[in-house]
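*Asks:* Next up, final06.cif (mmCIF, C-alpha atoms).
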```
data_final
#
loop_
_atom_site.group_PDB
_atom_site.id
_atom_site.type_symbol
_atom_site.label_atom_id
_atom_site.label_comp_id
_atom_site.auth_asym_id
_atom_site.auth_seq_id
_atom_site.Cartn_x
_atom_site.Cartn_y
_atom_site.Cartn_z
ATOM 1 C CA MET P 1 13.968 88.830 109.221
ATOM 2 C CA ARG P 2 17.378 88.138 110.727
ATOM 3 C CA PRO P 3 19.079 91.126 112.332
ATOM 4 C CA THR P 4 22.294 92.386 110.806
ATOM 5 C CA ALA P 5 25.419 93.054 112.852
ATOM 6 C CA GLU P 6 24.652 96.792 113.069
ATOM 7 C CA GLN P 7 21.048 96.380 114.223
ATOM 8 C CA SER P 8 20.322 96.861 117.885
ATOM 9 C CA LEU P 9 16.557 96.256 117.650
ATOM 10 C CA THR P 10 14.317 93.561 116.201
ATOM 11 C CA LEU P 11 10.703 93.896 115.123
ATOM 12 C CA THR P 12 8.127 91.097 115.320
ATOM 13 C CA LEU P 13 4.665 91.344 113.741
ATOM 14 C CA LYS P 14 1.560 89.538 115.044
ATOM 15 C CA LEU P 15 -2.081 89.665 113.906
ATOM 16 C CA PHE P 16 -5.113 89.371 116.172
ATOM 17 C CA GLY P 17 -7.682 86.984 114.796
ATOM 18 C CA PRO P 18 -7.581 85.139 111.483
ATOM 19 C CA ALA P 19 -5.093 86.242 108.848
ATOM 20 C CA GLU P 20 -7.924 87.211 106.493
ATOM 21 C CA ILE P 21 -8.034 90.770 105.260
ATOM 22 C CA ALA P 22 -10.898 92.415 103.401
ATOM 23 C CA ARG P 23 -10.657 95.804 101.760
ATOM 24 C CA GLY P 24 -11.957 98.497 104.080
ATOM 25 C CA GLU P 25 -12.406 96.283 107.162
ATOM 26 C CA ALA P 26 -10.340 97.254 110.192
ATOM 27 C CA PHE P 27 -8.119 94.661 111.856
ATOM 28 C CA GLU P 28 -5.708 94.753 114.770
ATOM 29 C CA TYR P 29 -2.030 93.997 114.747
ATOM 30 C CA GLU P 30 0.834 94.212 117.170
ATOM 31 C CA VAL P 31 4.538 94.815 116.800
ATOM 32 C CA GLN P 32 7.124 93.907 119.386
ATOM 33 C CA ILE P 33 10.323 95.967 119.467
ATOM 34 C CA ARG P 34 13.189 94.191 121.262
ATOM 35 C CA ASN P 35 16.597 95.553 122.272
ATOM 36 C CA ILE P 36 19.116 92.909 121.134
ATOM 37 C CA SER P 37 22.171 95.046 121.893
ATOM 38 C CA ASN P 38 24.205 95.136 125.084
ATOM 39 C CA LYS P 39 23.363 98.828 125.732
ATOM 40 C CA PRO P 40 20.174 100.643 126.782
ATOM 41 C CA ILE P 41 18.239 102.228 123.904
ATOM 42 C CA ASP P 42 15.876 105.208 124.201
ATOM 43 C CA LEU P 43 12.863 105.195 121.890
ATOM 44 C CA PRO P 44 10.256 107.891 121.197
ATOM 45 C CA TRP P 45 7.042 106.893 122.983
ATOM 46 C CA ASP P 46 4.443 109.685 122.718
ATOM 47 C CA LEU P 47 1.620 109.691 120.158
ATOM 48 C CA ASN P 48 0.971 113.431 120.514
ATOM 49 C CA PRO P 49 3.437 115.760 118.719
ATOM 50 C CA ALA P 50 2.162 118.694 120.815
ATOM 51 C CA ASN P 51 3.828 117.120 123.860
ATOM 52 C CA ILE P 52 7.295 117.717 122.403
ATOM 53 C CA GLU P 53 6.817 121.297 121.248
ATOM 54 C CA PRO P 54 8.385 124.008 123.402
ATOM 55 C CA ALA P 55 6.160 126.498 125.223
ATOM 56 C CA ASP P 56 7.719 129.327 123.167
ATOM 57 C CA SER P 57 6.755 128.645 119.545
ATOM 58 C CA ARG P 58 9.820 130.574 118.269
ATOM 59 C CA VAL P 59 12.415 128.380 120.023
ATOM 60 C CA SER P 60 14.376 125.903 117.925
ATOM 61 C CA TYR P 61 14.288 122.294 119.115
ATOM 62 C CA ARG P 62 15.252 118.712 118.265
ATOM 63 C CA TYR P 63 13.026 115.668 118.490
ATOM 64 C CA GLN P 64 13.000 112.002 117.548
ATOM 65 C CA THR P 65 10.387 109.855 115.815
ATOM 66 C CA ALA P 66 9.672 106.160 115.500
ATOM 67 C CA ALA P 67 7.522 105.315 112.459
ATOM 68 C CA ILE P 68 5.873 101.905 112.246
ATOM 69 C CA LEU P 69 4.448 101.048 108.836
ATOM 70 C CA LEU P 70 2.489 97.962 107.845
ATOM 71 C CA SER P 71 2.954 96.752 104.267
ATOM 72 C CA ALA P 72 0.942 94.182 102.331
ATOM 73 C CA LYS P 73 1.272 92.450 98.987
ATOM 74 C CA LEU P 74 -1.156 90.355 96.974
ATOM 75 C CA GLY P 75 0.575 87.373 95.470
ATOM 76 C CA ASP P 76 4.280 87.948 95.096
ATOM 77 C CA HIS P 77 4.394 91.619 94.196
ATOM 78 C CA ARG P 78 1.149 93.628 93.960
ATOM 79 C CA PRO P 79 1.181 96.206 96.802
ATOM 80 C CA VAL P 80 -1.901 96.890 98.895
ATOM 81 C CA ILE P 81 -2.209 100.317 100.511
ATOM 82 C CA MET P 82 -2.477 100.034 104.298
ATOM 83 C CA GLU P 83 -4.040 102.807 106.368
ATOM 84 C CA GLY P 84 -3.076 103.576 109.934
ATOM 85 C CA SER P 85 0.679 103.772 110.419
ATOM 86 C CA VAL P 86 1.948 104.620 113.911
ATOM 87 C CA LEU P 87 4.170 107.648 114.546
ATOM 88 C CA LEU P 88 5.705 108.156 117.987
ATOM 89 C CA PHE P 89 7.489 111.336 119.126
ATOM 90 C CA GLY P 90 10.037 112.004 121.822
ATOM 91 C CA ILE P 91 12.609 114.373 123.291
ATOM 92 C CA PRO P 92 15.185 112.930 125.708
ATOM 93 C CA SER P 93 14.824 115.945 128.043
ATOM 94 C CA ILE P 94 11.084 115.176 128.449
ATOM 95 C CA SER P 95 11.214 111.714 130.016
ATOM 96 C CA SER P 96 7.477 111.075 129.595
ATOM 97 C CA THR P 97 7.942 111.119 125.799
ATOM 98 C CA MET P 98 10.652 108.413 125.748
ATOM 99 C CA ILE P 99 10.975 104.803 126.836
ATOM 100 C CA LYS P 100 14.286 103.155 127.762
ATOM 101 C CA LEU P 101 14.784 99.542 126.706
ATOM 102 C CA GLN P 102 17.515 97.738 128.613
ATOM 103 C CA PRO P 103 19.346 94.888 126.813
ATOM 104 C CA GLY P 104 16.880 92.047 126.214
ATOM 105 C CA GLU P 105 13.809 94.165 127.058
ATOM 106 C CA TRP P 106 10.940 94.693 124.648
ATOM 107 C CA VAL P 107 7.749 96.700 124.196
ATOM 108 C CA ARG P 108 4.547 95.929 122.333
ATOM 109 C CA ILE P 109 2.545 98.389 120.300
ATOM 110 C CA LYS P 110 -1.010 97.505 119.297
ATOM 111 C CA ALA P 111 -2.692 99.309 116.426
ATOM 112 C CA LYS P 112 -5.570 99.098 113.972
ATOM 113 C CA THR P 113 -5.337 99.376 110.225
ATOM 114 C CA ARG P 114 -7.263 98.472 107.112
ATOM 115 C CA ALA P 115 -6.421 97.581 103.541
ATOM 116 C CA LEU P 116 -7.306 100.049 100.815
ATOM 117 C CA SER P 117 -6.851 99.909 97.074
ATOM 118 C CA SER P 118 -4.725 102.624 95.511
ATOM 119 C CA ASN P 119 -7.865 103.909 93.773
ATOM 120 C CA PRO P 120 -11.322 103.297 95.327
ATOM 121 C CA ASN P 121 -12.729 102.885 91.812
ATOM 122 C CA ASP P 122 -10.348 100.005 90.996
ATOM 123 C CA ASN P 123 -11.779 96.515 90.799
ATOM 124 C CA TRP P 124 -11.199 94.575 93.997
ATOM 125 C CA PRO P 125 -9.813 92.023 93.531
ATOM 126 C CA PRO P 126 -7.784 93.029 90.509
ATOM 127 C CA GLY P 127 -9.104 91.280 87.387
ATOM 128 C CA ASP P 128 -5.875 89.400 86.696
ATOM 129 C CA LEU P 129 -6.035 87.470 89.986
ATOM 130 C CA GLY P 130 -7.553 84.037 89.535
ATOM 131 C CA SER P 131 -9.001 83.726 93.038
ATOM 132 C CA LYS P 132 -11.461 85.703 95.130
ATOM 133 C CA GLN P 133 -9.230 84.919 98.138
ATOM 134 C CA PRO P 134 -5.647 85.341 96.913
ATOM 135 C CA GLU P 135 -2.708 84.719 99.174
ATOM 136 C CA GLY P 136 -0.556 87.627 100.243
ATOM 137 C CA GLN P 137 1.992 88.806 102.768
ATOM 138 C CA LEU P 138 2.160 91.332 105.595
ATOM 139 C CA THR P 139 5.303 92.898 107.038
ATOM 140 C CA ALA P 140 6.004 95.788 109.359
ATOM 141 C CA SER P 141 8.917 98.209 109.361
ATOM 142 C CA LEU P 142 10.378 100.535 111.972
ATOM 143 C CA THR P 143 12.206 103.715 110.994
ATOM 144 C CA LEU P 144 13.892 105.876 113.632
ATOM 145 C CA SER P 145 14.567 109.498 112.722
ATOM 146 C CA SER P 146 15.856 112.696 114.267
ATOM 147 C CA SER P 147 14.550 116.141 113.328
ATOM 148 C CA VAL P 148 15.589 119.735 113.969
ATOM 149 C CA VAL P 149 13.116 122.607 113.899
ATOM 150 C CA THR P 150 14.642 126.071 113.474
ATOM 151 C CA PHE P 151 13.287 129.523 112.777
ATOM 152 C CA ALA P 152 14.870 131.875 110.266
ATOM 153 C CA PRO P 153 15.224 135.587 111.078
ATOM 154 C CA ASP P 154 12.247 136.230 108.784
ATOM 155 C CA GLY P 155 10.116 134.005 111.048
ATOM 156 C CA ASN P 156 9.814 131.080 108.631
ATOM 157 C CA LEU P 157 9.964 127.611 110.078
ATOM 158 C CA HIS P 158 12.555 125.131 108.756
ATOM 159 C CA GLU P 159 12.564 121.444 109.582
ATOM 160 C CA ALA P 160 15.255 118.926 108.642
ATOM 161 C CA SER P 161 14.997 115.196 109.319
ATOM 162 C CA GLN P 162 17.358 112.294 108.931
ATOM 163 C CA THR P 163 17.053 108.581 109.534
ATOM 164 C CA THR P 164 19.234 107.633 112.501
ATOM 165 C CA LYS P 165 19.375 103.832 112.037
ATOM 166 C CA PRO P 166 18.726 101.512 109.109
ATOM 167 C CA THR P 167 15.044 100.644 108.722
ATOM 168 C CA ILE P 168 14.183 97.425 110.553
ATOM 169 C CA SER P 169 11.812 94.920 108.940
ATOM 170 C CA SER P 170 9.680 92.387 110.748
ATOM 171 C CA ASN P 171 8.926 88.772 110.065
ATOM 172 C CA VAL P 172 6.661 88.052 107.081
ATOM 173 C CA LEU P 173 3.123 86.811 107.799
ATOM 174 C CA ALA P 174 1.026 84.955 105.259
ATOM 175 C CA ALA P 175 -2.442 86.426 104.811
ATOM 176 C CA GLN P 176 -5.489 85.701 102.737
ATOM 177 C CA PHE P 177 -7.269 88.655 101.152
ATOM 178 C CA ARG P 178 -11.076 88.411 101.008
ATOM 179 C CA PHE P 179 -13.182 90.149 98.396
#
```
Show how you would write the structure in this file as structure tokens.
*Replies:*
Amino acid sequence: MRPTAEQSLTLTLKLFGPAEIARGEAFEYEVQIRNISNKPIDLPWDLNPANIEPADSRVSYRYQTAAILLSAKLGDHRPVIMEGSVLLFGIPSISSTMIKLQPGEWVRIKAKTRALSSNPNDNWPPGDLGSKQPEGQLTASLTLSSSVVTFAPDGNLHEASQTTKPTISSNVLAAQFRF
């Protein structure tokens, strides 16, 4: 997908191996996040949310997330549930939880996922598809968010999150779904 004027990052999706996907079988994919702006960009980079929590569990704090989701469709519109999204955490004051991308730099994230039906009891493939190997599409998306964790006087935890940049979509890959 072409970046818009306000985007500072691009996302590119790549599959490892043939672009054949069977329900329940794991496959690997990779996304590349590239800084296309003229300024450095800090991204959350830690898989473990415990690494961003303060030592004192009653202290309020802010953190950032980067969520990478893989989406699939059979044919032109029928969604396929994909397992295994990636969620990265970071706090700028803890440098090990962030990565800085200079202009033109990029990072790759490799992950595993698998296709699931929305209901395990559903027919796979759906009965209205004419082929046992229908064509489909895969895309990835990146959503950057910022969250604040606060504690009320009564001790209850409150968390508020907001998306900090428009969601970025990757290129579209053709895939064949095996049944």
*Asks:* With distances taken over only C-alpha atoms, which residue among P:Phe16, P:Phe177, P:Phe89, P:Phe151 lies nearest Arg58 of chain P?
*Replies:* P:Phe151
*Asks:* I want to know what sits within 6 Å of Ser170 of chain P, based on all atoms listed in the file, with residues of the same chain fewer than 5 positions away left out; could you give that as a compact mmCIF listing (two decimals) with C-alpha atoms, keeping the file's coordinate frame?
*Replies:*
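Now in selection_20.txt:
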```txt
# COMPACT_ATOMS: atom_id res chain seq x y z
CA MET P 1 13.97 88.83 109.22
CA LEU P 11 10.70 93.90 115.12
CA THR P 12 8.13 91.10 115.32
CA LEU P 13 4.66 91.34 113.74
CA THR P 139 5.30 92.90 107.04
CA ALA P 140 6.00 95.79 109.36
```
*Asks:* Neighbours of Glu28 of chain P within 12 Å (all atoms listed in the file; same-chain residues fewer than 6 positions away dropped), as a PyMOL selection string?
*Replies:* chain P and resi 13-21+70+83-85+109-115
*Asks:* Take atom CA of Ala160 of chain P and atom CA of Ala66 of chain P and report the distance between them in Å, one decimal.
*Replies:*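 Rounded to one decimal, the two atoms are 15.5 Å apart.
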*Asks:* Considering all atoms listed in the file, return as a VMD selection string whatever protein or nucleic-acid residues lie within 10 Å of Leu88 of chain P, sequence-local ones (same chain, fewer than 5 positions apart) excluded.
*Replies:* chain P and resid 43 to 49 64 to 68 97 to 98 144
*Asks:* Ranking P:Lys73, P:His158, P:Arg108, P:Lys165 by minimum distance to Glu135 of chain P and counting all atoms listed in the file, which one comes first?
*Replies:*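 That would be P:Lys73, the residue with the smallest distance to Glu135 of chain P.
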*Asks:* Which is closer to Gln162 of chain P than all the others in P:Val148, P:Val80, P:Val31, P:Ile91, using only C-alpha atoms?
*Replies:*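 Ranking P:Val148, P:Val80, P:Val31, P:Ile91 by distance to Gln162 of chain P, first place goes to P:Val148.
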*Asks:* Which of these residues is nearest to Gly136 of chain P, using all atoms listed in the file: P:Asn51, P:Gln176, P:Ser8, P:Ser93?
*Replies:*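 Looking only at the distances to Gly136 of chain P, the closest residue turns out to be P:Gln176.
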